[in-house]
>>> print(open('data09.cif').read())   # mmCIF, C-alpha atoms and all ligand atoms
data_query
loop_
_atom_site.label_atom_id
_atom_site.label_comp_id
_atom_site.auth_asym_id
_atom_site.auth_seq_id
_atom_site.Cartn_x
_atom_site.Cartn_y
_atom_site.Cartn_z
CA MET A 17 -35.35 10.91 -67.50
CA ALA A 18 -32.38 13.14 -68.29
CA ILE A 19 -28.62 12.99 -67.89
CA LEU A 20 -27.11 16.10 -66.29
CA VAL A 21 -23.87 17.02 -68.04
CA THR A 22 -21.73 19.45 -66.01
CA GLY A 23 -19.07 21.38 -67.93
CA GLY A 24 -20.88 20.38 -71.11
CA ALA A 25 -19.55 23.27 -73.21
CA GLY A 26 -15.93 22.19 -72.75
CA PHE A 27 -13.78 20.05 -75.02
CA ILE A 28 -14.75 16.57 -73.83
CA GLY A 29 -18.18 17.63 -72.49
CA SER A 30 -19.34 19.02 -75.83
CA HIS A 31 -18.21 15.96 -77.81
CA THR A 32 -19.83 13.63 -75.28
CA THR A 33 -23.10 15.56 -75.42
CA VAL A 34 -23.14 15.11 -79.21
CA GLU A 35 -22.74 11.34 -78.84
CA LEU A 36 -25.34 11.12 -76.05
CA LEU A 37 -27.86 13.04 -78.18
CA ASN A 38 -27.01 10.87 -81.19
CA ALA A 39 -27.74 7.82 -79.03
CA GLY A 40 -31.19 9.27 -78.25
CA LYS A 41 -30.49 10.32 -74.65
CA GLU A 42 -32.16 13.31 -73.01
CA ILE A 43 -29.71 15.93 -71.75
CA VAL A 44 -29.64 18.85 -69.33
CA MET A 45 -26.40 20.82 -69.47
CA ILE A 46 -24.74 23.24 -67.08
CA ASP A 47 -21.59 25.29 -67.64
CA ASP A 48 -20.24 28.56 -66.26
CA PHE A 49 -18.14 29.31 -69.38
CA SER A 50 -15.01 29.72 -67.26
CA ASN A 51 -13.10 27.90 -70.00
CA SER A 52 -15.65 27.59 -72.83
CA LYS A 53 -18.15 29.57 -74.87
CA MET A 54 -21.89 29.63 -75.56
CA GLU A 55 -21.02 28.97 -79.19
CA ALA A 56 -20.09 25.37 -78.29
CA VAL A 57 -23.60 24.81 -76.89
CA GLU A 58 -25.16 26.18 -80.07
CA ASN A 59 -22.84 24.10 -82.22
CA VAL A 60 -23.72 20.89 -80.36
CA LYS A 61 -27.37 21.63 -81.25
CA LYS A 62 -26.38 22.38 -84.84
CA ILE A 63 -24.41 19.13 -85.24
CA THR A 64 -27.13 16.91 -83.76
CA GLY A 65 -30.24 18.84 -84.83
CA LYS A 66 -31.47 18.29 -81.26
CA ASP A 67 -32.39 20.66 -78.48
CA PHE A 68 -31.72 20.45 -74.75
CA LYS A 69 -32.04 22.59 -71.64
CA PHE A 70 -29.01 24.68 -70.73
CA TYR A 71 -28.23 26.58 -67.50
CA GLU A 72 -25.31 29.00 -67.14
CA ILE A 73 -24.30 28.19 -63.58
CA ASN A 74 -21.26 27.20 -61.57
CA TYR A 75 -21.60 23.82 -59.86
CA LEU A 76 -20.40 25.35 -56.60
CA ASP A 77 -23.63 27.37 -56.48
CA ARG A 78 -25.71 24.95 -54.43
CA GLU A 79 -28.95 26.93 -54.64
CA LYS A 80 -28.92 27.17 -58.43
CA LEU A 81 -27.81 23.55 -58.76
CA GLU A 82 -30.71 22.39 -56.60
CA LYS A 83 -33.07 24.33 -58.86
CA VAL A 84 -31.78 22.30 -61.83
CA PHE A 85 -32.62 19.07 -59.97
CA GLU A 86 -36.05 20.45 -59.03
CA GLU A 87 -36.94 21.58 -62.54
CA ASN A 88 -35.81 18.41 -64.34
CA LYS A 89 -36.14 14.66 -63.94
CA ILE A 90 -32.46 13.84 -63.59
CA ASP A 91 -31.49 10.19 -63.50
CA SER A 92 -27.70 10.35 -63.82
CA VAL A 93 -24.84 12.85 -63.86
CA ILE A 94 -21.65 13.07 -65.91
CA ASN A 95 -19.17 15.47 -64.34
CA PHE A 96 -16.85 17.32 -66.73
CA ALA A 97 -16.77 20.56 -64.74
CA GLY A 98 -13.30 21.30 -63.42
CA PHE A 99 -10.13 23.22 -64.06
CA LYS A 100 -7.50 21.34 -66.05
CA ALA A 101 -4.42 23.49 -66.67
CA VAL A 102 -1.54 21.60 -65.07
CA GLY A 103 0.88 24.55 -64.85
CA GLU A 104 -1.74 26.87 -63.38
CA SER A 105 -2.64 24.23 -60.79
CA VAL A 106 0.98 24.28 -59.55
CA LYS A 107 0.86 28.08 -59.14
CA GLU A 108 -2.67 28.25 -57.70
CA PRO A 109 -3.32 24.99 -55.87
CA LEU A 110 -6.14 26.36 -53.72
CA LYS A 111 -8.06 27.49 -56.78
CA TYR A 112 -7.86 23.90 -58.11
CA TYR A 113 -8.64 22.13 -54.85
CA TYR A 114 -11.58 24.46 -54.16
CA ASN A 115 -13.14 24.35 -57.61
CA ASN A 116 -12.58 20.71 -58.51
CA ILE A 117 -13.01 19.03 -55.14
CA SER A 118 -15.55 21.32 -53.46
CA GLY A 119 -17.50 21.44 -56.74
CA ALA A 120 -17.62 17.65 -56.91
CA ILE A 121 -18.73 17.50 -53.27
CA VAL A 122 -21.56 20.03 -53.79
CA LEU A 123 -22.65 18.10 -56.86
CA LEU A 124 -22.60 14.73 -55.06
CA GLN A 125 -24.42 16.15 -52.02
CA THR A 126 -27.09 17.57 -54.32
CA MET A 127 -27.43 14.22 -56.06
CA GLN A 128 -27.81 12.55 -52.67
CA LYS A 129 -30.48 15.06 -51.63
CA TYR A 130 -32.51 14.33 -54.77
CA GLY A 131 -31.94 10.57 -54.68
CA VAL A 132 -29.82 10.50 -57.87
CA LYS A 133 -27.06 7.90 -57.57
CA LYS A 134 -25.69 7.29 -61.06
CA PHE A 135 -22.45 9.17 -61.58
CA VAL A 136 -19.80 9.15 -64.29
CA PHE A 137 -16.54 10.89 -63.41
CA SER A 138 -13.89 12.28 -65.76
CA SER A 139 -10.67 11.03 -64.30
CA SER A 140 -7.25 10.85 -65.89
CA ALA A 141 -4.32 8.51 -66.45
CA THR A 142 -2.45 11.11 -64.41
CA VAL A 143 -3.68 9.24 -61.28
CA TYR A 144 -1.16 6.47 -62.08
CA GLY A 145 1.76 8.89 -61.57
CA ASP A 146 4.93 7.36 -63.03
CA PRO A 147 3.73 3.83 -63.86
CA GLU A 148 5.91 0.89 -62.80
CA THR A 149 5.02 -1.01 -65.98
CA VAL A 150 3.15 -0.41 -69.23
CA PRO A 151 0.55 -1.03 -70.55
CA ILE A 152 -1.29 0.31 -67.51
CA THR A 153 -4.24 -1.71 -66.22
CA GLU A 154 -6.93 -0.45 -63.86
CA THR A 155 -5.32 -2.43 -61.02
CA SER A 156 -1.98 -0.64 -61.45
CA LYS A 157 -0.93 1.39 -58.44
CA VAL A 158 -2.35 4.92 -58.22
CA GLY A 159 -0.69 7.88 -56.48
CA GLY A 160 2.45 9.93 -56.90
CA THR A 161 0.68 12.63 -58.91
CA THR A 162 3.06 15.45 -59.83
CA ASN A 163 0.69 18.44 -59.75
CA PRO A 164 -2.44 19.65 -57.90
CA TYR A 165 -4.65 19.13 -60.98
CA GLY A 166 -3.73 15.42 -61.00
CA THR A 167 -4.16 15.23 -57.25
CA THR A 168 -7.73 16.59 -57.50
CA LYS A 169 -8.54 13.64 -59.80
CA LEU A 170 -6.97 11.21 -57.33
CA TYR A 171 -8.83 12.69 -54.33
CA ILE A 172 -12.19 12.74 -56.09
CA GLU A 173 -11.70 9.06 -57.02
CA GLN A 174 -11.09 8.36 -53.30
CA ILE A 175 -14.20 10.34 -52.31
CA LEU A 176 -16.24 8.25 -54.76
CA LYS A 177 -14.83 5.01 -53.35
CA ASP A 178 -15.74 6.14 -49.82
CA ILE A 179 -19.27 7.15 -50.86
CA TYR A 180 -19.78 3.73 -52.40
CA LYS A 181 -18.38 1.99 -49.32
CA ALA A 182 -20.83 3.87 -47.10
CA ASP A 183 -23.84 3.30 -49.39
CA ASN A 184 -23.50 0.61 -52.02
CA SER A 185 -26.69 1.60 -53.77
CA TRP A 186 -24.59 4.20 -55.64
CA ASP A 187 -23.81 3.36 -59.26
CA ILE A 188 -20.48 4.99 -60.14
CA CYS A 189 -18.19 4.83 -63.15
CA ILE A 190 -14.71 6.36 -63.08
CA LEU A 191 -13.21 6.87 -66.54
CA ARG A 192 -9.44 7.35 -66.69
CA TYR A 193 -8.66 9.20 -69.90
CA PHE A 194 -5.31 8.92 -71.59
CA ASN A 195 -4.39 11.83 -73.95
CA PRO A 196 -7.51 13.21 -75.68
CA VAL A 197 -6.88 14.94 -79.04
CA GLY A 198 -8.77 15.60 -82.28
CA ALA A 199 -12.12 17.30 -82.78
CA HIS A 200 -15.55 16.64 -84.26
CA SER A 201 -15.26 16.09 -88.02
CA SER A 202 -17.68 19.01 -88.63
CA GLY A 203 -14.98 21.38 -87.30
CA LEU A 204 -17.69 23.06 -85.19
CA ILE A 205 -16.38 21.97 -81.78
CA GLY A 206 -12.83 21.31 -80.63
CA GLU A 207 -10.18 22.18 -78.11
CA GLU A 208 -9.68 25.83 -77.33
CA PRO A 209 -6.93 26.34 -74.77
CA GLN A 210 -6.67 29.88 -73.44
CA GLY A 211 -3.23 31.39 -73.93
CA ILE A 212 -0.21 29.30 -74.87
CA PRO A 213 -1.15 25.61 -74.85
CA ASN A 214 0.49 23.14 -72.46
CA ASN A 215 -0.48 20.00 -74.29
CA LEU A 216 1.27 18.63 -77.34
CA MET A 217 -1.44 18.53 -80.03
CA PRO A 218 -2.80 22.06 -79.45
CA TYR A 219 0.80 23.28 -79.60
CA ILE A 220 1.52 21.41 -82.84
CA VAL A 221 -1.55 22.87 -84.60
CA ARG A 222 -0.59 26.39 -83.55
CA VAL A 223 2.91 25.97 -84.92
CA ALA A 224 1.45 24.60 -88.17
CA SER A 225 -0.91 27.59 -88.40
CA GLY A 226 1.95 30.05 -87.86
CA GLU A 227 0.46 31.33 -84.60
CA LEU A 228 3.44 29.95 -82.66
CA GLU A 229 6.94 29.83 -84.05
CA GLN A 230 8.37 26.51 -82.96
CA LEU A 231 7.52 23.42 -80.97
CA SER A 232 9.90 22.56 -78.13
CA VAL A 233 10.25 18.79 -77.89
CA PHE A 234 10.72 18.26 -74.17
CA GLY A 235 13.63 15.80 -74.01
CA ASN A 236 15.06 13.28 -76.47
CA ASP A 237 16.95 11.20 -73.94
CA TYR A 238 14.09 9.11 -72.56
CA ASN A 239 14.24 5.35 -72.73
CA THR A 240 11.84 5.16 -75.72
CA HIS A 241 12.24 4.17 -79.40
CA ASP A 242 13.39 7.67 -80.45
CA GLY A 243 14.16 9.20 -77.05
CA THR A 244 11.03 11.39 -76.89
CA GLY A 245 8.07 10.86 -74.53
CA VAL A 246 5.50 8.22 -75.45
CA ARG A 247 1.75 8.66 -74.80
CA ASP A 248 -1.57 7.04 -75.67
CA TYR A 249 -3.38 9.64 -77.81
CA ILE A 250 -7.10 9.03 -78.17
CA HIS A 251 -9.59 10.74 -80.48
CA VAL A 252 -12.09 12.78 -78.46
CA VAL A 253 -15.03 11.26 -80.38
CA ASP A 254 -13.92 7.75 -79.35
CA LEU A 255 -13.61 9.04 -75.80
CA ALA A 256 -17.10 10.57 -76.00
CA ILE A 257 -18.58 7.26 -77.14
CA GLY A 258 -16.92 5.65 -74.08
CA HIS A 259 -19.20 7.82 -71.91
CA VAL A 260 -22.32 6.64 -73.74
CA LYS A 261 -21.22 3.06 -73.03
CA ALA A 262 -20.54 3.94 -69.38
CA ILE A 263 -24.05 5.40 -68.97
CA GLU A 264 -25.53 2.30 -70.63
CA LYS A 265 -23.55 0.11 -68.22
CA LEU A 266 -24.89 2.06 -65.21
CA ASP A 267 -28.43 1.82 -66.61
CA LYS A 268 -28.02 -1.95 -66.83
CA GLU A 269 -26.52 -2.43 -63.35
CA ASN A 270 -28.41 -1.39 -60.24
CA SER A 271 -25.32 -0.42 -58.33
CA GLY A 272 -21.55 -0.74 -58.33
CA LEU A 273 -18.29 1.12 -58.64
CA TYR A 274 -16.50 0.60 -61.93
CA ILE A 275 -13.16 1.93 -63.18
CA TYR A 276 -12.08 1.92 -66.82
CA ASN A 277 -9.08 3.11 -68.79
CA LEU A 278 -10.09 4.92 -71.94
CA GLY A 279 -7.11 4.72 -74.28
CA THR A 280 -6.17 3.03 -77.53
CA GLY A 281 -3.48 0.77 -76.08
CA LYS A 282 -0.91 2.22 -78.50
CA GLY A 283 1.92 4.53 -77.57
CA TYR A 284 3.30 7.22 -79.89
CA SER A 285 6.30 9.45 -79.27
CA VAL A 286 6.39 13.24 -79.64
CA LEU A 287 8.30 12.87 -82.93
CA ASP A 288 5.82 10.20 -84.15
CA MET A 289 3.08 12.78 -83.55
CA VAL A 290 4.96 15.53 -85.40
CA HIS A 291 5.53 13.26 -88.41
CA ALA A 292 1.95 11.90 -88.38
CA PHE A 293 0.62 15.45 -88.27
CA GLU A 294 2.81 16.52 -91.17
CA SER A 295 1.77 13.60 -93.34
CA ALA A 296 -1.97 13.89 -92.49
CA THR A 297 -2.14 17.63 -93.18
CA GLY A 298 0.73 18.44 -95.55
CA LYS A 299 1.84 21.18 -93.12
CA THR A 300 5.33 21.56 -91.70
CA VAL A 301 5.89 21.59 -87.94
CA ASN A 302 9.02 23.48 -87.03
CA TYR A 303 10.56 21.99 -83.87
CA LYS A 304 13.67 21.98 -81.71
CA ILE A 305 14.86 19.61 -79.02
CA ALA A 306 14.57 21.24 -75.58
CA PRO A 307 15.29 20.06 -72.02
CA ARG A 308 12.87 17.69 -70.29
CA ARG A 309 9.76 19.25 -68.71
CA THR A 310 9.57 18.82 -64.92
CA GLY A 311 7.03 16.22 -63.88
CA ASP A 312 7.00 14.41 -67.26
CA ILE A 313 7.35 10.65 -67.50
CA ALA A 314 8.89 8.60 -70.31
CA THR A 315 6.05 6.31 -71.32
CA CYS A 316 2.36 6.01 -70.60
CA PHE A 317 -0.19 3.90 -72.45
CA ALA A 318 -3.30 1.99 -71.53
CA ASP A 319 -4.34 -1.58 -71.44
CA PRO A 320 -7.93 -0.95 -72.64
CA THR A 321 -9.04 -4.62 -72.38
CA LYS A 322 -11.40 -4.11 -69.43
CA ALA A 323 -13.41 -1.39 -71.23
CA LYS A 324 -13.66 -3.64 -74.27
CA GLU A 325 -14.85 -6.64 -72.28
CA GLU A 326 -17.21 -4.88 -69.88
CA LEU A 327 -18.42 -1.84 -71.85
CA GLY A 328 -18.12 -3.22 -75.37
CA TRP A 329 -16.08 -0.11 -76.15
CA GLU A 330 -12.95 0.21 -78.24
CA ALA A 331 -11.20 3.22 -79.78
CA LYS A 332 -11.68 3.10 -83.56
CA LYS A 333 -10.12 6.28 -84.93
CA THR A 334 -6.58 6.39 -86.27
CA LEU A 335 -3.70 8.74 -85.61
CA GLU A 336 -4.38 10.24 -89.04
CA ASP A 337 -8.02 10.99 -88.01
CA MET A 338 -6.75 12.65 -84.82
CA CYS A 339 -4.28 14.89 -86.69
CA ARG A 340 -6.62 15.75 -89.57
CA ASP A 341 -9.56 16.61 -87.28
CA SER A 342 -7.42 18.72 -84.92
CA TRP A 343 -6.15 20.69 -87.92
CA ASN A 344 -9.59 20.95 -89.55
CA TYR A 345 -10.96 22.59 -86.38
CA ILE A 346 -8.18 25.18 -86.25
CA GLU A 347 -8.46 25.92 -89.98
CA LYS A 348 -12.19 26.56 -89.54
CA GLN A 349 -11.48 28.86 -86.59
CA MET A 350 -9.00 30.86 -88.68
CA SER A 351 -11.28 31.26 -91.71
C1 LIG B 1 -0.69 16.26 -69.45
C2 LIG B 1 -0.70 16.36 -67.96
C3 LIG B 1 -1.75 15.42 -67.39
C4 LIG B 1 -3.09 15.68 -68.03
C5 LIG B 1 -2.99 15.59 -69.55
C6 LIG B 1 -4.29 16.02 -70.21
C7 LIG B 1 1.58 17.06 -67.30
C8 LIG B 1 2.83 16.67 -66.60
N1 LIG B 1 0.62 16.11 -67.39
O1 LIG B 1 -0.26 14.94 -69.78
O2 LIG B 1 -1.81 15.61 -65.99
O3 LIG B 1 -4.04 14.75 -67.57
O4 LIG B 1 -1.97 16.48 -70.01
O5 LIG B 1 -4.25 15.75 -71.56
O6 LIG B 1 1.43 18.17 -67.76
N2 LIG B 1 5.38 17.80 -75.21
C9 LIG B 1 6.41 18.42 -75.89
N3 LIG B 1 6.27 19.76 -76.19
C10 LIG B 1 5.16 20.48 -75.85
C11 LIG B 1 4.11 19.81 -75.15
C12 LIG B 1 4.25 18.47 -74.84
O7 LIG B 1 7.43 17.80 -76.21
O8 LIG B 1 5.10 21.68 -76.14
C13 LIG B 1 5.52 16.36 -74.89
C14 LIG B 1 5.52 16.04 -73.41
O9 LIG B 1 6.81 16.12 -72.88
C15 LIG B 1 4.94 14.60 -73.42
C16 LIG B 1 3.98 14.61 -74.63
O10 LIG B 1 4.40 15.70 -75.46
O11 LIG B 1 5.96 13.67 -73.68
C17 LIG B 1 2.52 14.82 -74.25
O12 LIG B 1 2.42 15.98 -73.44
P1 LIG B 1 1.01 16.61 -73.03
O13 LIG B 1 0.15 16.75 -74.21
O14 LIG B 1 1.28 17.83 -72.20
O15 LIG B 1 0.34 15.47 -72.12
P2 LIG B 1 0.89 14.73 -70.80
O16 LIG B 1 2.13 15.36 -70.29
O17 LIG B 1 0.93 13.27 -71.12
#
>>> encode(input="data09.cif", output="structure tokens")
Amino acid sequence: MAILVTGGAGFIGSHTTVELLNAGKEIVMIDDFSNSKMEAVENVKKITGKDFKFYEINYLDREKLEKVFEENKIDSVINFAGFKAVGESVKEPLKYYYNNISGAIVLLQTMQKYGVKKFVFSSSATVYGDPETVPITETSKVGGTTNPYGTTKLYIEQILKDIYKADNSWDICILRYFNPVGAHSSGLIGEEPQGIPNNLMPYIVRVASGELEQLSVFGNDYNTHDGTGVRDYIHVVDLAIGHVKAIEKLDKENSGLYIYNLGTGKGYSVLDMVHAFESATGKTVNYKIAPRRTGDIATCFADPTKAKEELGWEAKKTLEDMCRDSWNYIEKQMS
């Protein structure tokens, strides 16, 4: 029986596939390369020394998706397919609602048609909006998302809750990621944002490499220890292992709907990240203080206790690992 990984060539999808293969799972992968490359698929095979079936398709293509379910014995699905650029989602909301939500619906309908009911969904801490208190637990209020990307995550979570309410033989796990950074230690797979990055770590590495001139630190007047925004950065390999644990949980339970925060439980500021990066890599990160970015919040970090207790999962990698591995990936790309 195989796990279907959608969007498997992307940043989190590729790292998760490595960990699933390392754990001895059978994989079928689909990706349309809208934000990734074939090279990532080849590199996942290189890292693990294992082979798997790959289809270049878009998950909105119902006919081709059905063929994947017909040609393989699929037991569960992990959905990474989806657009994720926050700024673009504000400018092109329909593109985001159509791709992310309609894609998830086509995928879930296809699963239903073929009697596959185990589903792991890539959600985000963005569903908590501006949290009332930190650390954030899974029972904290959701809503108040500040951009269409975040709203697609919120709506898909609601769709999953409704599906489970209507038919409680579904076995669903929603994983709310905090801020994924880092890369595989081989330097063969990592994060490749197209154009100028939005997120902090990809921006820092490009300033360190000389590709971008200066980091703008968005606000130093927040109510945090140094005035800059605080987030829960998590190494992508730890995050990937969280998915293996989620699949194992679904395999153990016959049905249910489970929600877990995947974070470290520690918050670091923008300046903490700049300094950690400099000391882990010996590179200098040129920065200036700039105005706050619209939609940003002061502080966001997880209470990861539930994932530890119920999945037996805990983030292990340090901030130094995150910085070193992010840099190692970029250095390899440049050489
Ligand atoms: C962002 C998204 C969130 C998404 C997540 C994916 C917004 C408002 N939120 O979260 O929906 O799920 O990415 O990882 O975009 N920063 C700078 N300078 C920069 C870039 C970032 O100072 O050039 C600061 C930000 O103000 C923030 C911190 O670094 O305090 C982290 O920012 P970022 O990496 O963009 O993540 P989030 O905003 O937490």
>>> atom_distance(input="data09.cif", atom1="CA of Thr167 in chain A", atom2="CA of Glu79 in chain A")
27.5 Å
>>> closest_residue(input="data09.cif", among="A:Gly98, A:Gly298, A:Gly166, A:Gly24", to="Ala120 in chain A", atoms="all atoms listed in the file")
A:Gly98
>>> closest_residue(input="data09.cif", among="A:Asn116, A:Thr300, A:Thr155, A:Ser105", to="ligand LIG 1 (chain B)", atoms="all atoms listed in the file")
A:Ser105
>>> residues_near_ligand(input="data09.cif", ligand="ligand LIG 1 (chain B)", cutoff="9 Å", atoms="all atoms listed in the file", output="PDB file with C-alpha atoms, keeping the file's coordinate frame")
ATOM      1  CA  LYS A 100      -7.500  21.340 -66.050  1.00  0.00           C
ATOM      2  CA  ALA A 101      -4.420  23.490 -66.670  1.00  0.00           C
ATOM      3  CA  VAL A 102      -1.540  21.600 -65.070  1.00  0.00           C
ATOM      4  CA  GLY A 103       0.880  24.550 -64.850  1.00  0.00           C
ATOM      5  CA  SER A 139     -10.670  11.030 -64.300  1.00  0.00           C
ATOM      6  CA  SER A 140      -7.250  10.850 -65.890  1.00  0.00           C
ATOM      7  CA  ALA A 141      -4.320   8.510 -66.450  1.00  0.00           C
ATOM      8  CA  THR A 142      -2.450  11.110 -64.410  1.00  0.00           C
ATOM      9  CA  VAL A 143      -3.680   9.240 -61.280  1.00  0.00           C
ATOM     10  CA  GLY A 145       1.760   8.890 -61.570  1.00  0.00           C
ATOM     11  CA  THR A 161       0.680  12.630 -58.910  1.00  0.00           C
ATOM     12  CA  THR A 162       3.060  15.450 -59.830  1.00  0.00           C
ATOM     13  CA  ASN A 163       0.690  18.440 -59.750  1.00  0.00           C
ATOM     14  CA  TYR A 165      -4.650  19.130 -60.980  1.00  0.00           C
ATOM     15  CA  GLY A 166      -3.730  15.420 -61.000  1.00  0.00           C
ATOM     16  CA  TYR A 193      -8.660   9.200 -69.900  1.00  0.00           C
ATOM     17  CA  PHE A 194      -5.310   8.920 -71.590  1.00  0.00           C
ATOM     18  CA  ASN A 195      -4.390  11.830 -73.950  1.00  0.00           C
ATOM     19  CA  PRO A 196      -7.510  13.210 -75.680  1.00  0.00           C
ATOM     20  CA  VAL A 197      -6.880  14.940 -79.040  1.00  0.00           C
ATOM     21  CA  PRO A 213      -1.150  25.610 -74.850  1.00  0.00           C
ATOM     22  CA  ASN A 214       0.490  23.140 -72.460  1.00  0.00           C
ATOM     23  CA  ASN A 215      -0.480  20.000 -74.290  1.00  0.00           C
ATOM     24  CA  LEU A 216       1.270  18.630 -77.340  1.00  0.00           C
ATOM     25  CA  MET A 217      -1.440  18.530 -80.030  1.00  0.00           C
ATOM     26  CA  PRO A 218      -2.800  22.060 -79.450  1.00  0.00           C
ATOM     27  CA  TYR A 219       0.800  23.280 -79.600  1.00  0.00           C
ATOM     28  CA  ILE A 220       1.520  21.410 -82.840  1.00  0.00           C
ATOM     29  CA  GLN A 230       8.370  26.510 -82.960  1.00  0.00           C
ATOM     30  CA  LEU A 231       7.520  23.420 -80.970  1.00  0.00           C
ATOM     31  CA  SER A 232       9.900  22.560 -78.130  1.00  0.00           C
ATOM     32  CA  VAL A 233      10.250  18.790 -77.890  1.00  0.00           C
ATOM     33  CA  PHE A 234      10.720  18.260 -74.170  1.00  0.00           C
ATOM     34  CA  GLY A 235      13.630  15.800 -74.010  1.00  0.00           C
ATOM     35  CA  ASN A 236      15.060  13.280 -76.470  1.00  0.00           C
ATOM     36  CA  THR A 244      11.030  11.390 -76.890  1.00  0.00           C
ATOM     37  CA  GLY A 245       8.070  10.860 -74.530  1.00  0.00           C
ATOM     38  CA  VAL A 246       5.500   8.220 -75.450  1.00  0.00           C
ATOM     39  CA  ARG A 247       1.750   8.660 -74.800  1.00  0.00           C
ATOM     40  CA  ASP A 248      -1.570   7.040 -75.670  1.00  0.00           C
ATOM     41  CA  TYR A 249      -3.380   9.640 -77.810  1.00  0.00           C
ATOM     42  CA  SER A 285       6.300   9.450 -79.270  1.00  0.00           C
ATOM     43  CA  VAL A 286       6.390  13.240 -79.640  1.00  0.00           C
ATOM     44  CA  LEU A 287       8.300  12.870 -82.930  1.00  0.00           C
ATOM     45  CA  MET A 289       3.080  12.780 -83.550  1.00  0.00           C
ATOM     46  CA  ILE A 305      14.860  19.610 -79.020  1.00  0.00           C
ATOM     47  CA  ALA A 306      14.570  21.240 -75.580  1.00  0.00           C
ATOM     48  CA  ARG A 308      12.870  17.690 -70.290  1.00  0.00           C
ATOM     49  CA  ARG A 309       9.760  19.250 -68.710  1.00  0.00           C
ATOM     50  CA  THR A 310       9.570  18.820 -64.920  1.00  0.00           C
ATOM     51  CA  GLY A 311       7.030  16.220 -63.880  1.00  0.00           C
ATOM     52  CA  ASP A 312       7.000  14.410 -67.260  1.00  0.00           C
ATOM     53  CA  ILE A 313       7.350  10.650 -67.500  1.00  0.00           C
ATOM     54  CA  ALA A 314       8.890   8.600 -70.310  1.00  0.00           C
ATOM     55  CA  THR A 315       6.050   6.310 -71.320  1.00  0.00           C
ATOM     56  CA  CYS A 316       2.360   6.010 -70.600  1.00  0.00           C
TER      57      CYS A 316
END
>>> closest_residue(input="data09.cif", among="A:Glu330, A:Glu227, A:Asp319, A:Glu173", to="His251 in chain A", atoms="only C-alpha atoms")
A:Glu330
>>> closest_residue(input="data09.cif", among="A:Ile250, A:Ile94, A:Ala256, A:Leu110", to="Cys189 in chain A", atoms="only C-alpha atoms")
A:Ile94
>>> residues_around(input="data09.cif", residues="Trp343 in chain A", least_positions_apart="5", cutoff="9 Å", atoms="only C-alpha atoms", output="ChimeraX atom specification")
/A:198-199,203,221,224-225,293,297,338,348
>>> atom_distance(input="data09.cif", atom1="CA of Pro320 in chain A", atom2="CA of Tyr276 in chain A")
7.7 Å
